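Quick look at my_file.tsv (TSV, C-alpha atoms):
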chain	number	residue	atom	x	y	z
W	1	MET	CA	0.00	0.00	0.00
W	2	LYS	CA	1.29	3.47	-0.92
W	3	ILE	CA	0.82	6.15	1.75
W	4	ALA	CA	1.53	9.86	1.13
W	5	VAL	CA	2.33	11.89	4.25
W	6	THR	CA	2.65	15.68	4.24
W	7	CYS	CA	6.10	16.52	5.52
W	8	ARG	CA	8.29	19.49	6.36
W	9	GLY	CA	11.56	17.65	5.66
W	10	ALA	CA	12.92	15.03	3.30
W	11	SER	CA	12.92	11.86	5.39
W	12	PRO	CA	10.48	9.70	7.40
W	13	ASP	CA	12.04	11.13	10.59
W	14	SER	CA	10.96	14.67	9.63
W	15	PRO	CA	7.84	16.19	11.19
W	16	VAL	CA	4.41	15.95	9.55
W	17	ASP	CA	3.40	19.20	7.83
W	18	PRO	CA	-0.04	20.10	9.25
W	19	ARG	CA	-1.13	21.61	5.91
W	20	PHE	CA	-2.19	19.48	2.98
W	21	GLY	CA	-2.51	21.90	0.04
W	22	ARG	CA	0.51	23.94	0.99
W	23	ALA	CA	2.63	21.15	2.47
W	24	SER	CA	6.36	21.57	1.78
W	25	LYS	CA	6.78	17.97	0.63
W	26	PHE	CA	5.09	14.61	0.51
W	27	ILE	CA	6.84	11.45	1.67
W	28	LEU	CA	5.42	8.54	-0.30
W	29	VAL	CA	5.97	5.30	1.63
W	30	ASP	CA	5.40	1.85	0.10
W	31	THR	CA	4.46	-0.40	3.04
W	32	GLU	CA	5.31	-3.55	1.08
W	33	SER	CA	8.88	-2.64	0.13
W	34	ASP	CA	9.39	-0.22	3.05
W	35	GLY	CA	10.99	2.17	0.54
W	36	PHE	CA	10.10	5.86	0.36
W	37	GLN	CA	10.09	8.67	-2.18
W	38	VAL	CA	10.17	12.43	-1.58
W	39	ILE	CA	7.80	14.54	-3.68
W	40	ASP	CA	8.48	18.26	-3.66
W	41	ASN	CA	5.46	20.55	-3.42
W	42	ALA	CA	7.20	23.94	-3.48
W	43	GLN	CA	5.20	25.17	-6.51
W	44	ASN	CA	2.04	24.94	-4.46
W	45	LEU	CA	3.36	26.96	-1.53
W	46	ASN	CA	2.98	30.11	-3.60
W	47	SER	CA	-0.05	29.33	-5.71
W	48	ALA	CA	-2.80	31.90	-5.28
W	49	GLN	CA	-5.61	29.40	-5.17
W	50	GLY	CA	-6.39	25.76	-5.82
W	51	ALA	CA	-3.37	24.51	-3.84
W	52	GLY	CA	-5.38	21.73	-2.18
W	53	ILE	CA	-6.73	20.56	-5.52
W	54	GLN	CA	-3.28	20.54	-7.09
W	55	SER	CA	-1.77	18.65	-4.14
W	56	ALA	CA	-4.55	16.07	-4.47
W	57	GLU	CA	-3.69	15.70	-8.16
W	58	THR	CA	0.00	15.25	-7.30
W	59	VAL	CA	-0.48	12.47	-4.75
W	60	SER	CA	-3.02	10.74	-6.99
W	61	ARG	CA	-0.62	10.81	-9.93
W	62	HIS	CA	2.01	9.15	-7.73
W	63	GLY	CA	-0.36	6.31	-6.93
W	64	ALA	CA	-1.06	7.10	-3.28
W	65	GLU	CA	-3.95	5.12	-1.76
W	66	VAL	CA	-3.89	6.90	1.60
W	67	VAL	CA	-3.03	10.49	2.56
W	68	ILE	CA	-1.94	11.27	6.13
W	69	THR	CA	-1.83	14.96	7.11
W	70	GLY	CA	-2.76	17.49	9.79
W	71	HIS	CA	-5.75	19.16	8.18
W	72	CYS	CA	-7.65	18.82	4.93
W	73	GLY	CA	-10.05	21.35	3.40
W	74	PRO	CA	-13.23	20.67	1.44
W	75	LYS	CA	-11.89	21.01	-2.12
W	76	ALA	CA	-8.90	18.73	-1.56
W	77	PHE	CA	-11.17	16.28	0.26
W	78	ARG	CA	-13.56	16.19	-2.70
W	79	VAL	CA	-10.77	15.52	-5.21
W	80	LEU	CA	-9.05	12.88	-3.05
W	81	SER	CA	-12.35	11.11	-2.41
W	82	ALA	CA	-13.18	11.10	-6.12
W	83	ALA	CA	-9.79	9.51	-6.78
W	84	GLY	CA	-10.58	6.82	-4.19
W	85	ILE	CA	-7.85	7.97	-1.79
W	86	LYS	CA	-8.44	7.63	1.96
W	87	ILE	CA	-7.76	10.78	4.02
W	88	VAL	CA	-6.36	10.67	7.54
W	89	VAL	CA	-6.19	13.98	9.44
W	90	GLY	CA	-4.89	14.95	12.87
W	91	ALA	CA	-1.43	13.43	12.43
W	92	GLN	CA	1.43	14.88	14.51
W	93	GLY	CA	5.07	14.01	15.23
W	94	SER	CA	7.30	12.31	12.68
W	95	VAL	CA	6.16	10.83	9.39
W	96	ALA	CA	7.28	7.35	10.54
W	97	ALA	CA	5.29	7.64	13.79
W	98	ALA	CA	2.20	8.85	11.91
W	99	ILE	CA	2.34	5.87	9.56
W	100	GLU	CA	2.75	3.51	12.50
W	101	SER	CA	-0.29	5.05	14.24
W	102	PHE	CA	-2.31	4.60	11.07
W	103	LEU	CA	-1.23	0.98	10.57
W	104	LYS	CA	-2.02	0.18	14.23
W	105	GLY	CA	-5.48	1.74	13.77
W	106	ASP	CA	-4.92	4.68	16.17
W	107	LEU	CA	-5.43	7.13	13.29
W	108	ALA	CA	-8.48	6.37	11.14
W	109	PRO	CA	-9.60	7.78	7.77
W	110	SER	CA	-12.01	10.75	7.91
W	111	GLU	CA	-15.51	10.97	6.50
W	112	CYS	CA	-15.29	14.69	5.79
W	113	SER	CA	-12.92	17.67	5.65
W	114	ASP	CA	-11.88	18.99	9.05
W	115	VAL	CA	-11.30	22.67	8.19
W	116	ASP	CA	-13.19	25.22	6.07
W	117	GLY	CA	-12.01	26.32	2.66
W	118	HIS	CA	-10.45	29.75	2.46
W	119	TRP	CA	-13.55	31.28	0.90
W	120	GLU	CA	-16.30	29.28	2.51
U	1	MET	CA	-13.83	61.60	-19.97
U	2	ILE	CA	-13.51	58.48	-17.83
U	3	LEU	CA	-11.51	59.25	-14.68
U	4	ALA	CA	-10.54	56.33	-12.44
U	5	VAL	CA	-9.98	57.04	-8.74
U	6	ALA	CA	-7.61	54.35	-7.49
U	7	SER	CA	-4.98	53.77	-4.81
U	8	GLY	CA	-2.60	51.12	-3.70
U	9	LYS	CA	-3.42	51.26	-0.03
U	10	GLY	CA	-7.00	50.89	1.09
U	11	GLY	CA	-8.65	53.52	3.27
U	12	THR	CA	-6.81	56.49	1.80
U	13	GLY	CA	-9.94	58.32	0.67
U	14	LYS	CA	-10.85	57.04	-2.81
U	15	THR	CA	-14.56	57.19	-2.09
U	16	THR	CA	-14.27	60.67	-0.55
U	17	VAL	CA	-12.50	61.95	-3.67
U	18	ALA	CA	-14.67	60.04	-6.18
U	19	VAL	CA	-17.96	61.20	-4.64
U	20	GLY	CA	-16.60	64.75	-4.30
U	21	LEU	CA	-15.62	64.80	-7.98
U	22	ALA	CA	-18.92	63.38	-9.20
U	23	LEU	CA	-20.97	65.86	-7.16
U	24	SER	CA	-18.74	68.79	-8.16
U	25	ALA	CA	-19.12	68.00	-11.85
U	26	ARG	CA	-22.91	68.40	-11.60
U	27	GLY	CA	-24.79	67.92	-14.91
U	28	GLY	CA	-23.71	65.22	-17.31
U	29	ALA	CA	-21.78	63.08	-14.84
U	30	SER	CA	-21.86	59.43	-13.82
U	31	LEU	CA	-20.37	57.82	-10.73
U	32	LEU	CA	-19.38	54.15	-11.06
U	33	ASP	CA	-18.74	52.24	-7.84
U	34	CYS	CA	-16.41	49.45	-8.99
U	35	ASP	CA	-15.32	48.52	-5.46
U	36	VAL	CA	-17.80	45.67	-5.80
U	37	GLU	CA	-16.71	43.65	-2.78
U	38	GLU	CA	-18.02	46.39	-0.51
U	39	PRO	CA	-19.51	49.24	-2.55
U	40	ASN	CA	-20.14	52.29	-0.34
U	41	CYS	CA	-20.55	55.30	-2.64
U	42	HIS	CA	-24.34	54.84	-2.38
U	43	ILE	CA	-24.16	55.87	1.28
U	44	PHE	CA	-22.99	59.34	0.23
U	45	VAL	CA	-24.92	59.70	-3.04
U	46	LYS	CA	-28.24	58.24	-1.77
U	47	PRO	CA	-29.47	57.39	-5.27
U	48	GLU	CA	-32.87	56.08	-6.24
U	49	ILE	CA	-32.12	52.64	-7.75
U	50	LEU	CA	-34.05	52.30	-11.01
U	51	ARG	CA	-32.96	48.89	-12.22
U	52	ARG	CA	-30.96	45.88	-11.11
U	53	GLU	CA	-29.51	43.19	-13.35
U	54	PRO	CA	-27.73	39.98	-12.37
U	55	VAL	CA	-24.11	39.42	-13.43
U	56	MET	CA	-23.59	35.94	-14.83
U	57	VAL	CA	-20.37	34.07	-15.63
U	58	PRO	CA	-20.01	30.87	-17.65
U	59	ILE	CA	-18.93	27.64	-15.93
U	60	PRO	CA	-18.47	24.17	-17.42
U	61	LYS	CA	-21.13	21.48	-17.26
U	62	VAL	CA	-19.93	17.96	-18.01
U	63	ASP	CA	-22.08	15.44	-19.86
U	64	LYS	CA	-21.21	12.27	-17.90
U	65	ASP	CA	-22.30	9.94	-20.70
U	66	ALA	CA	-20.10	11.60	-23.31
U	67	CYS	CA	-17.01	12.01	-21.02
U	68	ASN	CA	-14.37	9.26	-21.13
U	69	SER	CA	-12.25	10.78	-18.33
U	70	CYS	CA	-9.34	11.57	-20.65
U	71	GLY	CA	-8.32	14.45	-18.39
U	72	GLN	CA	-7.48	17.00	-21.09
U	73	CYS	CA	-9.82	19.59	-19.54
U	74	SER	CA	-8.05	19.14	-16.21
U	75	GLU	CA	-4.61	19.58	-17.77
U	76	PHE	CA	-5.73	22.69	-19.62
U	77	CYS	CA	-7.20	24.54	-16.63
U	78	ARG	CA	-4.46	26.47	-14.85
U	79	PHE	CA	-6.90	27.48	-12.11
U	80	HIS	CA	-7.78	23.87	-11.15
U	81	ALA	CA	-11.44	24.69	-11.61
U	82	ILE	CA	-12.01	21.38	-13.39
U	83	VAL	CA	-10.20	18.29	-12.17
U	84	ALA	CA	-10.29	14.79	-13.65
U	85	LEU	CA	-8.46	11.97	-11.87
U	86	LYS	CA	-9.33	8.67	-13.52
U	87	THR	CA	-12.95	9.67	-12.97
U	88	GLU	CA	-15.42	12.08	-14.52
U	89	PRO	CA	-14.29	15.70	-14.01
U	90	LEU	CA	-15.11	17.58	-10.79
U	91	VAL	CA	-15.98	21.26	-11.26
U	92	PHE	CA	-15.12	23.98	-8.72
U	93	PRO	CA	-17.25	26.92	-9.92
U	94	GLU	CA	-15.70	29.47	-7.54
U	95	LEU	CA	-12.26	28.93	-9.10
U	96	CYS	CA	-13.48	29.15	-12.72
U	97	HIS	CA	-12.44	32.23	-14.70
U	98	GLY	CA	-14.98	31.44	-17.42
U	99	CYS	CA	-12.47	31.19	-20.27
U	100	GLY	CA	-14.26	28.26	-21.91
U	101	GLY	CA	-10.95	26.45	-22.56
U	102	CYS	CA	-12.16	23.13	-21.11
U	103	ALA	CA	-15.16	23.05	-23.45
U	104	TRP	CA	-12.98	24.02	-26.39
U	105	ILE	CA	-10.33	21.36	-25.76
U	106	CYS	CA	-12.67	18.44	-24.93
U	107	PRO	CA	-12.24	15.96	-27.81
U	108	ARG	CA	-15.67	14.42	-27.20
U	109	GLY	CA	-17.68	17.62	-26.93
U	110	ALA	CA	-18.75	16.54	-23.46
U	111	ILE	CA	-18.47	20.00	-21.89
U	112	ARG	CA	-20.87	22.88	-22.44
U	113	GLU	CA	-21.07	26.17	-20.59
U	114	ILE	CA	-23.89	27.09	-18.27
U	115	ARG	CA	-24.34	30.44	-16.48
U	116	ARG	CA	-23.83	31.14	-12.81
U	117	GLU	CA	-24.85	34.33	-10.98
U	118	ILE	CA	-22.02	36.01	-9.04
U	119	GLY	CA	-23.43	39.47	-8.38
U	120	ALA	CA	-25.53	42.33	-9.71
U	121	VAL	CA	-25.31	45.77	-11.27
U	122	GLU	CA	-27.62	48.53	-10.04
U	123	VAL	CA	-28.32	51.73	-11.92
U	124	GLY	CA	-29.86	54.76	-10.25
U	125	MET	CA	-30.06	58.53	-10.21
U	126	ASN	CA	-29.84	61.37	-7.75
U	127	GLY	CA	-30.58	64.76	-9.23
U	128	GLY	CA	-28.42	65.15	-12.30
U	129	LEU	CA	-25.97	62.44	-11.26
U	130	ARG	CA	-26.23	58.96	-12.74
U	131	PHE	CA	-25.09	56.27	-10.34
U	132	ILE	CA	-24.01	52.71	-11.19
U	133	GLN	CA	-22.70	50.16	-8.73
U	134	GLY	CA	-21.62	46.55	-8.77
U	135	ILE	CA	-22.38	44.22	-5.90
U	136	MET	CA	-20.58	40.90	-5.65
U	137	ASN	CA	-22.48	38.10	-3.92
U	138	VAL	CA	-21.15	37.00	-0.54
U	139	GLY	CA	-18.84	34.00	-0.86
U	140	GLN	CA	-17.68	34.82	-4.39
U	141	ALA	CA	-13.98	35.34	-4.97
U	142	MET	CA	-13.75	36.84	-8.44
U	143	SER	CA	-14.77	40.46	-8.85
U	144	PRO	CA	-13.49	41.44	-12.34
U	145	PRO	CA	-16.61	40.16	-14.20
U	146	VAL	CA	-18.82	42.31	-11.92
U	147	ILE	CA	-16.52	45.31	-12.43
U	148	ARG	CA	-16.64	44.89	-16.22
U	149	ALA	CA	-20.45	44.67	-16.04
U	150	VAL	CA	-20.59	48.01	-14.17
U	151	LYS	CA	-18.51	49.68	-16.87
U	152	ALA	CA	-20.54	48.09	-19.66
U	153	ALA	CA	-23.78	49.34	-18.06
U	154	ALA	CA	-22.29	52.85	-17.83
U	155	LEU	CA	-21.31	52.89	-21.47
U	156	GLU	CA	-24.59	51.68	-22.94
U	157	GLY	CA	-26.93	54.36	-24.28
U	158	ASN	CA	-27.80	57.42	-22.21
U	159	SER	CA	-25.01	59.64	-23.50
U	160	GLU	CA	-26.17	62.71	-21.60
U	161	HIS	CA	-24.31	61.40	-18.53
U	162	ASP	CA	-21.13	60.46	-20.38
U	163	ARG	CA	-19.36	63.81	-20.19
U	164	VAL	CA	-17.62	62.89	-16.95
U	165	MET	CA	-17.50	59.34	-15.64
U	166	ILE	CA	-15.87	58.89	-12.24
U	167	VAL	CA	-14.83	55.32	-11.41
U	168	ASP	CA	-14.33	54.47	-7.73
U	169	CYS	CA	-11.87	51.56	-7.94
U	170	PRO	CA	-11.06	48.74	-5.53
U	171	PRO	CA	-7.77	49.14	-3.61
U	172	GLY	CA	-4.59	47.22	-4.40
U	173	THR	CA	-2.90	46.59	-7.72
U	174	ALA	CA	-4.24	43.12	-8.55
U	175	CYS	CA	-6.80	42.01	-11.15
U	176	PRO	CA	-9.80	43.89	-9.63
U	177	MET	CA	-7.91	47.21	-9.64
U	178	VAL	CA	-6.66	46.64	-13.19
U	179	ALA	CA	-10.17	45.69	-14.37
U	180	ALA	CA	-11.53	48.93	-12.90
U	181	VAL	CA	-8.76	51.24	-14.17
U	182	ARG	CA	-8.42	49.74	-17.67
U	183	GLY	CA	-10.11	51.77	-20.37
U	184	SER	CA	-10.12	55.03	-18.41
U	185	ASP	CA	-8.69	58.23	-19.92
U	186	ALA	CA	-6.88	59.34	-16.76
U	187	VAL	CA	-6.29	58.12	-13.21
U	188	VAL	CA	-5.98	59.88	-9.89
U	189	LEU	CA	-4.15	57.86	-7.24
U	190	VAL	CA	-5.28	58.76	-3.73
U	191	THR	CA	-2.65	58.30	-1.05
U	192	GLU	CA	-1.61	59.50	2.38
U	193	PRO	CA	1.81	60.79	3.48
U	194	THR	CA	2.74	57.69	5.50
U	195	PRO	CA	5.25	54.87	4.83
U	196	PHE	CA	2.37	52.51	3.89
U	197	GLY	CA	0.82	55.15	1.68
U	198	LEU	CA	4.11	55.69	-0.15
U	199	HIS	CA	4.88	51.96	-0.48
U	200	ASP	CA	1.54	51.21	-2.08
U	201	LEU	CA	1.53	54.41	-4.16
U	202	ARG	CA	4.72	53.23	-5.85
U	203	LEU	CA	3.08	49.91	-6.76
U	204	ALA	CA	-0.04	51.65	-8.03
U	205	ALA	CA	2.00	54.17	-10.07
U	206	GLU	CA	3.98	51.34	-11.70
U	207	THR	CA	0.75	49.50	-12.53
U	208	VAL	CA	-0.93	52.53	-14.11
U	209	ARG	CA	2.24	53.32	-16.09
U	210	LYS	CA	2.17	49.79	-17.53
U	211	LEU	CA	-1.43	50.42	-18.58
U	212	GLY	CA	-0.28	53.56	-20.40
U	213	ILE	CA	-2.81	55.88	-18.76
U	214	PRO	CA	-1.81	59.40	-17.61
U	215	PHE	CA	-2.16	59.88	-13.86
U	216	GLY	CA	-1.65	62.24	-10.96
U	217	VAL	CA	-1.83	62.00	-7.19
U	218	ALA	CA	-4.23	63.26	-4.54
U	219	ILE	CA	-2.77	63.40	-1.04
U	220	ASN	CA	-5.35	62.95	1.67
U	221	ARG	CA	-4.63	63.94	5.29
U	222	SER	CA	-1.81	65.88	3.67
U	223	ASP	CA	-0.65	67.59	6.86
U	224	CYS	CA	0.13	64.35	8.75
U	225	GLY	CA	3.04	61.95	8.25
U	226	ASP	CA	6.17	63.08	6.44
U	227	GLY	CA	7.30	64.54	3.12
U	228	ARG	CA	8.34	61.34	1.36
U	229	VAL	CA	5.23	61.08	-0.83
U	230	GLU	CA	5.83	64.63	-2.06
U	231	ASP	CA	9.52	63.86	-2.65
U	232	TYR	CA	8.65	60.70	-4.57
U	233	CYS	CA	6.13	62.50	-6.78
U	234	GLY	CA	8.68	65.27	-7.43
U	235	ALA	CA	11.40	62.80	-8.38
U	236	GLU	CA	9.05	60.79	-10.61
U	237	LYS	CA	7.48	63.94	-12.14
U	238	ILE	CA	4.02	62.83	-11.03
U	239	PRO	CA	1.69	65.85	-10.69
U	240	ILE	CA	0.06	66.35	-7.29
U	241	LEU	CA	-3.47	67.32	-8.23
U	242	LEU	CA	-5.09	67.75	-4.82
U	243	ARG	CA	-4.20	68.01	-1.16
U	244	ILE	CA	-6.82	67.50	1.54
U	245	PRO	CA	-5.68	68.23	5.09
U	246	GLU	CA	-6.83	66.22	8.09
U	247	ARG	CA	-9.93	67.95	9.41
U	248	ARG	CA	-12.23	66.76	12.13
U	249	ASP	CA	-15.34	68.27	10.52
U	250	MET	CA	-14.70	66.33	7.30
U	251	ALA	CA	-14.25	63.07	9.22
U	252	GLU	CA	-17.45	63.70	11.18
U	253	GLY	CA	-19.34	64.44	7.96
U	254	TYR	CA	-18.03	61.21	6.43
U	255	SER	CA	-19.14	59.22	9.47
U	256	ARG	CA	-22.65	60.63	9.00
U	257	GLY	CA	-22.69	59.60	5.34
U	258	GLU	CA	-22.18	63.10	3.95
U	259	SER	CA	-19.96	63.98	1.02
U	260	ILE	CA	-16.86	66.12	1.47
U	261	LEU	CA	-18.77	69.00	-0.12
U	262	SER	CA	-21.22	69.27	2.76
U	263	ALA	CA	-18.50	69.70	5.41
U	264	ALA	CA	-16.13	71.58	3.13
U	265	PRO	CA	-17.99	73.19	0.19
U	266	GLU	CA	-14.84	75.19	-0.59
U	267	TYR	CA	-13.33	71.96	-1.98
U	268	ARG	CA	-15.58	72.13	-5.02
U	269	GLU	CA	-13.10	74.47	-6.73
U	270	PRO	CA	-9.98	72.28	-6.19
U	271	LEU	CA	-11.99	69.21	-7.25
U	272	LEU	CA	-13.12	70.95	-10.44
U	273	ARG	CA	-9.50	71.98	-11.11
U	274	LEU	CA	-8.51	68.31	-10.71
U	275	LEU	CA	-11.13	67.38	-13.31
U	276	GLU	CA	-9.86	70.03	-15.70
U	277	GLU	CA	-6.25	69.03	-15.21
U	278	THR	CA	-6.85	65.29	-15.69
U	279	SER	CA	-9.01	66.06	-18.71
U	280	ARG	CA	-6.12	68.06	-20.18
U	281	MET	CA	-3.72	65.15	-19.42
U	282	ALA	CA	-6.09	62.75	-21.18
U	283	VAL	CA	-6.27	64.91	-24.30
U	284	GLU	CA	-2.49	65.36	-24.29
U	285	ASN	CA	-2.00	61.60	-23.99
U	286	LYS	CA	-4.21	60.92	-27.02
U	287	LYS	CA	-2.22	63.20	-29.31
U	288	PRO	CA	-0.17	61.14	-31.77

What's the C-alpha cells form of this structure?
Amino acid sequence: MKIAVTCRGASPDSPVDPRFGRASKFILVDTESDGFQVIDNAQNLNSAQGAGIQSAETVSRHGAEVVITGHCGPKAFRVLSAAGIKIVVGAQGSVAAAIESFLKGDLAPSECSDVDGHWE
Amino acid sequence: MILAVASGKGGTGKTTVAVGLALSARGGASLLDCDVEEPNCHIFVKPEILRREPVMVPIPKVDKDACNSCGQCSEFCRFHAIVALKTEPLVFPELCHGCGGCAWICPRGAIREIRREIGAVEVGMNGGLRFIQGIMNVGQAMSPPVIRAVKAAALEGNSEHDRVMIVDCPPGTACPMVAAVRGSDAVVLVTEPTPFGLHDLRLAAETVRKLGIPFGVAINRSDCGDGRVEDYCGAEKIPILLRIPERRDMAEGYSRGESILSAAPEYREPLLRLLEETSRMAVENKKP
C-alpha cells in the first residue's frame, strides 16, 4: 500500500506538515517494500488558489492510496475522495510515527474535511 | 472623460474623492462604484435605484455519458477549476475564470457552458448624477466580471451622462484594480503621506504606467506623516493634483454619510480643477 504523508523535511524522521494543500513535501511510503520517495510541493506553496486541488492531483498521480496529514479542506477532500484515496487527518510528530499510528489503527480515515475552505 | 480614482493602499480616501468629484461636476456626470466587494458610494450619493440586473459568468457542465475521463480539460485549466483523476471531471465553480478552454479542448464535446450568478449591477439617479454600482455576492472570490459589467452598463446608451464618468476603484494593484482602471482616460491615485501610503503608491503608479494611462496623485490627510510622498512624486514627475488636510469636521461628515462638499464646500473648486487638469492630461495623452 502506498501512503503519502505531508512533511516538512525530506525523510520519514521529519515532522508531519499540518497543511495538505501547501505542504512543503510529501513522503510517499510503500508499506510492502518499506521504501520511500520524496515529492516536492514547493510550486504549491505560492499558488494563489487551488493549492489543495493541485496537491490532491500530485499524490493521486504518484499512486497514493492513503493520505496522512494534519488538516484537509473541502476542495482537496472532494478531489481525493473522487480519486478513491483515503484521508487521515490529525497526524502529529514524525512521518514514521504517523504511519505507524495509522497501521495500528490509532489514526483512522475521515468521512469529511476537518477545516473550512479559504472562501467558505 | 472616464476618470478612475484608485490607490494602492485601502482607506486612503478614494470614495471621498470620487464622490466629491462626481458631485462637483454636476450635470452630465456618472459615478461608477467598482469597489464591488463592498460598494459604499451609495451611502454618500443616496441614489434612487431604477434597475438591477444579475451578473452571470459561464462555468463548465460535463455530460457524464459523453465524457471518457481523458483528463485534457483538467490539464488545460491552470486554475484547477475542473479536475479529472481517472474519474469524470469535478468542477469547482468558484475557481473558474470562465475562459471556456475546457469546453474548447474536450475531444468528445462533453463540456458545455452554463451560467452562474455572481453578483448584480444597479443603476440609479440622484438629481443630475447617474449612479451605477456593482455588488458581488457574498462568498464569491472573483470580482473582475462584476466590475466589467458596471462599466458596460455605464457605457450603454444614455449619453447625456457620459461627459464625466468617475470610477471608484477597488484598492490594491491586482486584477480587480486593473479591471476597474483599464479603459479610463486618466487616473488619480489617492494616497496619504505615511510609509504605507508611499509603499503602495509606488506599486499603483507602476501598474498605471504599464497600462499607459496618464495619472496624478491626490494626497489625503496631507498635513500628517512626512514629506516622502511629495519627494517621490517630485522625483518621478508625477503631478500632485489635490491636497486635503486632516480635518475633524470632514471626518465627522463622512461618518454621517455626507460627502466632502457638505463639510467643506470650498473643496468644489480644487476638485473641479482636478477634473480640468486630468481632462487636459487625457487629451495630451491621445495626441499622436

Practice task
Work out how far CA of Asp34 (chain W) is from CA of Ile3 (chain W), in Å to one decimal.
Solution key: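 These two atoms are separated by 10.8 Å.
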
Chain U residues near chain W within 12 Å, closest pair each, using all atoms listed in the file, as JSON lines:
{"residue": "U:Ser69", "atom": "CA", "partner": "W:Ala83", "partner_atom": "CA", "distance": 11.9}
{"residue": "U:Gly71", "atom": "CA", "partner": "W:Glu57", "partner_atom": "CA", "distance": 11.3}
{"residue": "U:Ser74", "atom": "CA", "partner": "W:Glu57", "partner_atom": "CA", "distance": 9.8}
{"residue": "U:Glu75", "atom": "CA", "partner": "W:Glu57", "partner_atom": "CA", "distance": 10.4}
{"residue": "U:Cys77", "atom": "CA", "partner": "W:Gly50", "partner_atom": "CA", "distance": 10.9}
{"residue": "U:Arg78", "atom": "CA", "partner": "W:Gly50", "partner_atom": "CA", "distance": 9.3}
{"residue": "U:Phe79", "atom": "CA", "partner": "W:Gly50", "partner_atom": "CA", "distance": 6.5}
{"residue": "U:His80", "atom": "CA", "partner": "W:Gly50", "partner_atom": "CA", "distance": 5.8}
{"residue": "U:Ala81", "atom": "CA", "partner": "W:Gly50", "partner_atom": "CA", "distance": 7.8}
{"residue": "U:Ile82", "atom": "CA", "partner": "W:Ile53", "partner_atom": "CA", "distance": 9.5}
{"residue": "U:Val83", "atom": "CA", "partner": "W:Val79", "partner_atom": "CA", "distance": 7.5}
{"residue": "U:Ala84", "atom": "CA", "partner": "W:Val79", "partner_atom": "CA", "distance": 8.5}
{"residue": "U:Leu85", "atom": "CA", "partner": "W:Ala83", "partner_atom": "CA", "distance": 5.8}
{"residue": "U:Lys86", "atom": "CA", "partner": "W:Ala83", "partner_atom": "CA", "distance": 6.8}
{"residue": "U:Thr87", "atom": "CA", "partner": "W:Ala83", "partner_atom": "CA", "distance": 7.0}
{"residue": "U:Glu88", "atom": "CA", "partner": "W:Ala82", "partner_atom": "CA", "distance": 8.7}
{"residue": "U:Pro89", "atom": "CA", "partner": "W:Ala82", "partner_atom": "CA", "distance": 9.2}
{"residue": "U:Leu90", "atom": "CA", "partner": "W:Val79", "partner_atom": "CA", "distance": 7.4}
{"residue": "U:Val91", "atom": "CA", "partner": "W:Val79", "partner_atom": "CA", "distance": 9.8}
{"residue": "U:Phe92", "atom": "CA", "partner": "W:Lys75", "partner_atom": "CA", "distance": 7.9}
{"residue": "U:Pro93", "atom": "CA", "partner": "W:Lys75", "partner_atom": "CA", "distance": 11.2}
{"residue": "U:Glu94", "atom": "CA", "partner": "W:Trp119", "partner_atom": "CA", "distance": 8.9}
{"residue": "U:Leu95", "atom": "CA", "partner": "W:Gly50", "partner_atom": "CA", "distance": 7.4}
{"residue": "U:Cys96", "atom": "CA", "partner": "W:Gly50", "partner_atom": "CA", "distance": 10.5}
{"residue": "U:Val138", "atom": "CA", "partner": "W:Glu120", "partner_atom": "CA", "distance": 9.6}
{"residue": "U:Gly139", "atom": "CA", "partner": "W:Trp119", "partner_atom": "CA", "distance": 6.2}
{"residue": "U:Gln140", "atom": "CA", "partner": "W:Trp119", "partner_atom": "CA", "distance": 7.6}
{"residue": "U:Ala141", "atom": "CA", "partner": "W:Trp119", "partner_atom": "CA", "distance": 7.2}
{"residue": "U:Met142", "atom": "CA", "partner": "W:Trp119", "partner_atom": "CA", "distance": 10.9}
{"residue": "U:Ala174", "atom": "CA", "partner": "W:Ala48", "partner_atom": "CA", "distance": 11.8}

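Near Tyr254 (chain U), within a cut-off of 12 Å and counting all atoms listed in the file, sit the residues Gly13, Thr15, Thr16, Val17, Val19, Gly20, Asn40, Cys41, Ile43, Phe44, Val45, Arg247, Arg248, Asp249, Met250, Ala251, Glu252, Arg256, Gly257, Glu258, Ser259, Ile260, Leu261, Ser262, Ala263 and Ala264 of chain U, with same-chain residues fewer than 2 positions away left out.
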
Problem - Gap from CA of Ala205 (chain U) to CA of Gly172 (chain U) - Å, one decimal - result: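 It comes out at 11.1 Å.
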
Problem - Exercise: region 186-201 of chain U partners within 7 Å, all atoms listed in the file, chain neighbours under 4 positions left out, as number ranges by chain - result: U: 2-9, 12-14, 205, 213-222, 224-229, 278, 282

Practice task
Please measure the separation of CA of Arg148 (chain U) and CA of Ser30 (chain U), giving the value in Å to one decimal.
Solution key: 15.6 Å

Exercise for the section: Please identify all polymer residues within 12 Å of Val36 (chain U), counting only C-alpha atoms, omitting same-chain residues fewer than 2 positions from it, and present them as a PyMOL selection string. Expected result: chain U and resi 32-34+38-42+55+118-122+132-138+140-151+167-171+176-177+179-180

Practice task
Excluding Ser110 (chain W) and residues on its chain fewer than 3 positions from it, collect all residues at most 7 Å away from it, counting only C-alpha atoms, and give them as a list in words.
Solution key: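 Contacts, in chain order: Ile87, Val88 and Val89 of chain W.
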
Handout entry: From W:Ser11, W:Ser113, W:Ser55, W:Ser94, residue lying nearest Gly35 (chain W) [all atoms listed in the file]
Key = W:Ser11

Practice task
Write out as a PyMOL selection string each polymer residue whose atoms come within 8 Å of Ile39 (chain W), counting all atoms listed in the file; drop sequence neighbours fewer than 2 positions from it.
Solution key: chain W and resi 25-28+37+41

Practice task
Starting from the point (-25.3, 66.5, -18.0), work out which residues of protein, DNA or RNA have an atom no more than 6 Å away when counting all atoms listed in the file; state them as a PyMOL selection string.
Solution key: chain U and resi 27-29+160-161

Problem - From W:Asn44, W:Ser81, W:Thr58, W:Thr69, residue lying nearest Ala98 (chain W) [all atoms listed in the file] - result: W:Thr69

Practice task
Would you mind telling me which residue in U:Cys73, U:Cys233, U:Met281, U:Leu242 lies nearest to Lys61 (chain U) when using all atoms listed in the file?
Solution key: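 Of U:Cys73, U:Cys233, U:Met281, U:Leu242, the one nearest Lys61 (chain U), counting all atoms listed in the file, is U:Cys73.
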